[in-house]
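Novice: Data file work30.csv (CSV, N, CA and C atoms) is appended below.
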chain,number,residue,atom,x,y,z
P,1,MET,N,-10.8,-0.4,13.3
P,1,MET,CA,-12.0,0.5,13.3
P,1,MET,C,-12.6,0.5,11.9
P,2,SER,N,-13.9,0.3,11.9
P,2,SER,CA,-14.6,0.3,10.6
P,2,SER,C,-14.6,1.7,10.0
P,3,GLU,N,-15.1,1.8,8.8
P,3,GLU,CA,-15.2,3.1,8.0
P,3,GLU,C,-16.3,4.0,8.5
P,4,LYS,N,-17.3,3.4,9.2
P,4,LYS,CA,-18.4,4.2,9.7
P,4,LYS,C,-18.9,3.7,11.1
P,5,LEU,N,-19.6,4.5,11.8
P,5,LEU,CA,-20.1,4.1,13.1
P,5,LEU,C,-21.6,3.6,12.9
P,6,THR,N,-21.9,2.5,13.4
P,6,THR,CA,-23.2,1.9,13.2
P,6,THR,C,-23.8,1.5,14.6
P,7,GLY,N,-25.1,1.4,14.6
P,7,GLY,CA,-25.8,1.0,15.8
P,7,GLY,C,-27.2,0.4,15.4
P,8,TYR,N,-28.0,0.1,16.5
P,8,TYR,CA,-29.3,-0.5,16.3
P,8,TYR,C,-30.4,0.6,16.4
P,9,ASP,N,-31.2,0.7,15.4
P,9,ASP,CA,-32.3,1.7,15.4
P,9,ASP,C,-33.5,1.1,16.1
P,10,LEU,N,-33.9,1.5,17.2
P,10,LEU,CA,-35.0,1.0,18.0
P,10,LEU,C,-36.4,1.2,17.3
P,11,LYS,N,-36.5,2.4,16.7
P,11,LYS,CA,-37.8,2.7,16.0
P,11,LYS,C,-38.1,1.8,14.8
P,12,ARG,N,-37.1,1.6,14.0
P,12,ARG,CA,-37.2,0.8,12.8
P,12,ARG,C,-36.9,-0.6,13.0
P,13,LYS,N,-36.3,-1.0,14.2
P,13,LYS,CA,-35.9,-2.4,14.5
P,13,LYS,C,-34.9,-2.9,13.4
P,14,GLU,N,-33.9,-2.1,13.1
P,14,GLU,CA,-32.9,-2.4,12.1
P,14,GLU,C,-31.5,-2.4,12.8
P,15,LYS,N,-30.7,-3.4,12.4
P,15,LYS,CA,-29.3,-3.4,12.9
P,15,LYS,C,-28.4,-2.8,11.9
P,16,ASN,N,-27.2,-2.3,12.4
P,16,ASN,CA,-26.1,-1.7,11.6
P,16,ASN,C,-26.6,-0.5,10.7
P,17,VAL,N,-27.3,0.4,11.4
P,17,VAL,CA,-27.7,1.6,10.8
P,17,VAL,C,-26.6,2.7,11.0
P,18,ALA,N,-26.2,3.4,10.0
P,18,ALA,CA,-25.1,4.3,10.1
P,18,ALA,C,-25.5,5.6,10.8
P,19,PHE,N,-24.6,6.2,11.5
P,19,PHE,CA,-24.8,7.5,12.1
P,19,PHE,C,-24.4,8.6,11.0
P,20,THR,N,-25.2,9.7,10.9
P,20,THR,CA,-24.9,10.8,10.1
P,20,THR,C,-24.2,11.9,10.9
P,21,GLU,N,-24.7,12.2,12.0
P,21,GLU,CA,-24.1,13.1,13.0
P,21,GLU,C,-23.8,12.4,14.2
P,22,ALA,N,-22.5,12.3,14.6
P,22,ALA,CA,-22.1,11.5,15.7
P,22,ALA,C,-21.2,12.3,16.6
P,23,SER,N,-21.4,12.1,17.9
P,23,SER,CA,-20.5,12.8,18.9
P,23,SER,C,-20.2,11.7,20.0
P,24,ILE,N,-18.9,11.7,20.4
P,24,ILE,CA,-18.4,10.8,21.4
P,24,ILE,C,-18.5,11.5,22.7
P,25,VAL,N,-19.2,10.9,23.7
P,25,VAL,CA,-19.2,11.4,25.1
P,25,VAL,C,-18.7,10.4,26.0
P,26,LYS,N,-18.2,10.9,27.2
P,26,LYS,CA,-17.7,10.0,28.2
P,26,LYS,C,-18.8,9.9,29.3
P,27,THR,N,-19.1,8.7,29.8
P,27,THR,CA,-20.2,8.5,30.8
P,27,THR,C,-19.5,8.8,32.2
P,28,SER,N,-20.4,8.9,33.2
P,28,SER,CA,-19.9,9.2,34.6
P,28,SER,C,-19.1,8.1,35.1
P,29,ARG,N,-19.3,6.9,34.6
P,29,ARG,CA,-18.5,5.7,35.1
P,29,ARG,C,-17.3,5.5,34.2
P,30,GLY,N,-17.0,6.3,33.2
P,30,GLY,CA,-15.8,6.2,32.5
P,30,GLY,C,-15.9,5.6,31.1
P,31,GLY,N,-17.0,5.1,30.8
P,31,GLY,CA,-17.2,4.5,29.5
P,31,GLY,C,-17.4,5.5,28.4
P,32,TYR,N,-17.4,5.0,27.1
P,32,TYR,CA,-17.5,5.9,26.0
P,32,TYR,C,-18.8,5.6,25.2
P,33,MET,N,-19.5,6.6,24.8
P,33,MET,CA,-20.8,6.4,24.1
P,33,MET,C,-20.8,7.3,22.9
P,34,VAL,N,-21.4,6.7,21.8
P,34,VAL,CA,-21.6,7.5,20.6
P,34,VAL,C,-23.1,8.0,20.7
P,35,LYS,N,-23.3,9.3,20.6
P,35,LYS,CA,-24.7,9.8,20.5
P,35,LYS,C,-24.8,10.6,19.2
P,36,GLY,N,-26.0,10.4,18.6
P,36,GLY,CA,-26.1,11.1,17.3
P,36,GLY,C,-27.4,10.8,16.6
P,37,ILE,N,-27.5,11.1,15.4
P,37,ILE,CA,-28.7,10.9,14.5
P,37,ILE,C,-28.3,10.0,13.4
P,38,ASN,N,-29.2,9.0,13.1
P,38,ASN,CA,-28.9,8.1,12.1
P,38,ASN,C,-29.4,8.6,10.7
P,39,THR,N,-29.3,7.7,9.7
P,39,THR,CA,-29.6,8.1,8.3
P,39,THR,C,-31.1,8.3,8.2
P,40,TYR,N,-31.9,7.8,9.1
P,40,TYR,CA,-33.4,8.0,9.0
P,40,TYR,C,-33.9,9.2,9.9
P,41,GLY,N,-33.0,9.8,10.6
P,41,GLY,CA,-33.4,11.0,11.4
P,41,GLY,C,-33.7,10.7,12.8
P,42,ASN,N,-33.5,9.4,13.2
P,42,ASN,CA,-33.8,9.0,14.6
P,42,ASN,C,-32.5,9.1,15.5
P,43,LYS,N,-32.7,9.5,16.8
P,43,LYS,CA,-31.6,9.5,17.7
P,43,LYS,C,-31.2,8.1,18.1
P,44,MET,N,-29.8,7.9,18.2
P,44,MET,CA,-29.3,6.7,18.6
P,44,MET,C,-28.1,6.9,19.6
P,45,ASN,N,-27.9,5.9,20.5
P,45,ASN,CA,-26.8,5.8,21.4
P,45,ASN,C,-26.2,4.5,21.3
P,46,VAL,N,-24.8,4.4,21.3
P,46,VAL,CA,-24.1,3.1,21.3
P,46,VAL,C,-22.9,3.2,22.2
P,47,MET,N,-22.7,2.2,23.0
P,47,MET,CA,-21.5,2.1,23.9
P,47,MET,C,-20.4,1.5,23.0
P,48,ILE,N,-19.2,2.1,23.2
P,48,ILE,CA,-18.0,1.6,22.4
P,48,ILE,C,-16.8,1.6,23.4
P,49,SER,N,-15.8,1.0,23.0
P,49,SER,CA,-14.5,0.9,23.8
P,49,SER,C,-13.8,2.2,23.6
P,50,GLU,N,-12.8,2.4,24.5
P,50,GLU,CA,-12.0,3.6,24.5
P,50,GLU,C,-11.2,3.7,23.2
P,51,ALA,N,-10.6,2.6,22.8
P,51,ALA,CA,-9.8,2.5,21.6
P,51,ALA,C,-10.6,2.9,20.4
P,52,ASN,N,-11.8,2.4,20.3
P,52,ASN,CA,-12.7,2.7,19.1
P,52,ASN,C,-13.1,4.1,19.2
P,53,ALA,N,-13.4,4.6,20.4
P,53,ALA,CA,-13.8,6.0,20.5
P,53,ALA,C,-12.7,7.0,20.0
P,54,LEU,N,-11.5,6.8,20.5
P,54,LEU,CA,-10.4,7.7,20.1
P,54,LEU,C,-10.1,7.5,18.7
P,55,ALA,N,-10.2,6.3,18.1
P,55,ALA,CA,-10.0,6.1,16.7
P,55,ALA,C,-11.0,6.8,15.8
P,56,ALA,N,-12.3,6.8,16.3
P,56,ALA,CA,-13.3,7.5,15.5
P,56,ALA,C,-13.1,9.0,15.5
P,57,ILE,N,-12.7,9.6,16.7
P,57,ILE,CA,-12.4,11.0,16.7
P,57,ILE,C,-11.2,11.3,15.8
P,58,GLU,N,-10.2,10.5,15.9
P,58,GLU,CA,-9.0,10.8,15.1
P,58,GLU,C,-9.3,10.7,13.6
P,59,ASN,N,-10.1,9.7,13.2
P,59,ASN,CA,-10.5,9.5,11.8
P,59,ASN,C,-11.5,10.5,11.2
P,60,GLY,N,-12.1,11.3,12.1
P,60,GLY,CA,-13.1,12.3,11.7
P,60,GLY,C,-14.5,11.7,11.6
P,61,LEU,N,-14.8,10.5,12.1
P,61,LEU,CA,-16.1,9.9,12.1
P,61,LEU,C,-17.0,10.6,13.1
P,62,ALA,N,-16.5,11.1,14.1
P,62,ALA,CA,-17.3,11.7,15.2
P,62,ALA,C,-16.6,12.9,15.8
P,63,THR,N,-17.3,13.8,16.5
P,63,THR,CA,-16.7,14.9,17.2
P,63,THR,C,-16.5,14.5,18.6
P,64,LYS,N,-15.6,15.2,19.3
P,64,LYS,CA,-15.3,15.0,20.7
P,64,LYS,C,-16.3,15.8,21.5
P,65,GLY,N,-17.0,15.1,22.4
P,65,GLY,CA,-18.0,15.8,23.2
P,65,GLY,C,-17.7,15.7,24.7
P,66,PHE,N,-16.4,15.5,25.1
P,66,PHE,CA,-16.0,15.4,26.5
P,66,PHE,C,-14.8,16.2,26.8
Can I see the file as structure tokens?
Specialist:
Amino acid sequence: MSEKLTGYDLKRKEKNVAFTEASIVKTSRGGYMVKGINTYGNKMNVMISEANALAAIENGLATKGF
């Protein structure tokens, strides 16, 4: 697991933008998703694996939203 959660910012068309406020949620089909706000103030969502989701919660990178 990396030191920060990153994703693609659709508004700025930038890759690897860091989340400032992140919450891990579980989808209806059982997948895990990071929802939050990035460094530019835009909302972002990223699908991640269960192992990475639990590691992010454990390391304090995101809050548990499920």
Novice: Would you kindly return, as a PyMOL selection string, each protein, DNA or RNA residue with an atom no farther than 9 Å from any atom of Met44 (chain P), considering only C-alpha atoms and excluding same-chain residues fewer than 4 positions away?
Specialist: chain P and resi 7-10+19+34-38
Novice: Please measure the separation of CA of Asn59 (chain P) and atom C of Val46 (chain P), giving the value in Å to one decimal.
Specialist: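 These two atoms are separated by 17.4 Å.
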Novice: Which distance in Å separates atom C of Glu58 (chain P) and CA of Lys4 (chain P), to one decimal?
Specialist: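 Distance between the two atoms: 11.8 Å.
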Novice: So how far away is CA of Leu5 (chain P) from CA of Lys43 (chain P), in Å?
Specialist: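 Separating CA of Lys43 (chain P) from CA of Leu5 (chain P) is a distance of 13.5 Å.
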Novice: Taking into account all atoms listed in the file, which residue in the set P:Met47, P:Ser23, P:Arg29, P:Tyr40 is nearest to Phe66 (chain P)?
Specialist: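 Residue with the minimum atom-to-atom distance to Phe66 (chain P): P:Ser23.
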Novice: Could you please write out, as a ChimeraX atom specification, every residue of region 14-57 of chain P that DSSP assigns to strand (DSSP E)?
Specialist: /P:14-26,32-38,43-48
Novice: Taking (-11.8, 2.9, 27.1) in the coordinates of the supplied file, I want to know which residues reach to within 8 Å of it, counting only C-alpha atoms; could you give the answer as an MDAnalysis selection string?
Specialist: chainID P and resid 30:32 48:51 53
Novice: Between P:Thr63, P:Thr39, P:Asn52, P:Ile57, which one has atoms that come closest to Thr20 (chain P), using only N, CA and C atoms?
Specialist: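 Of P:Thr63, P:Thr39, P:Asn52, P:Ile57, the one nearest Thr20 (chain P) is P:Thr39, counting only N, CA and C atoms.
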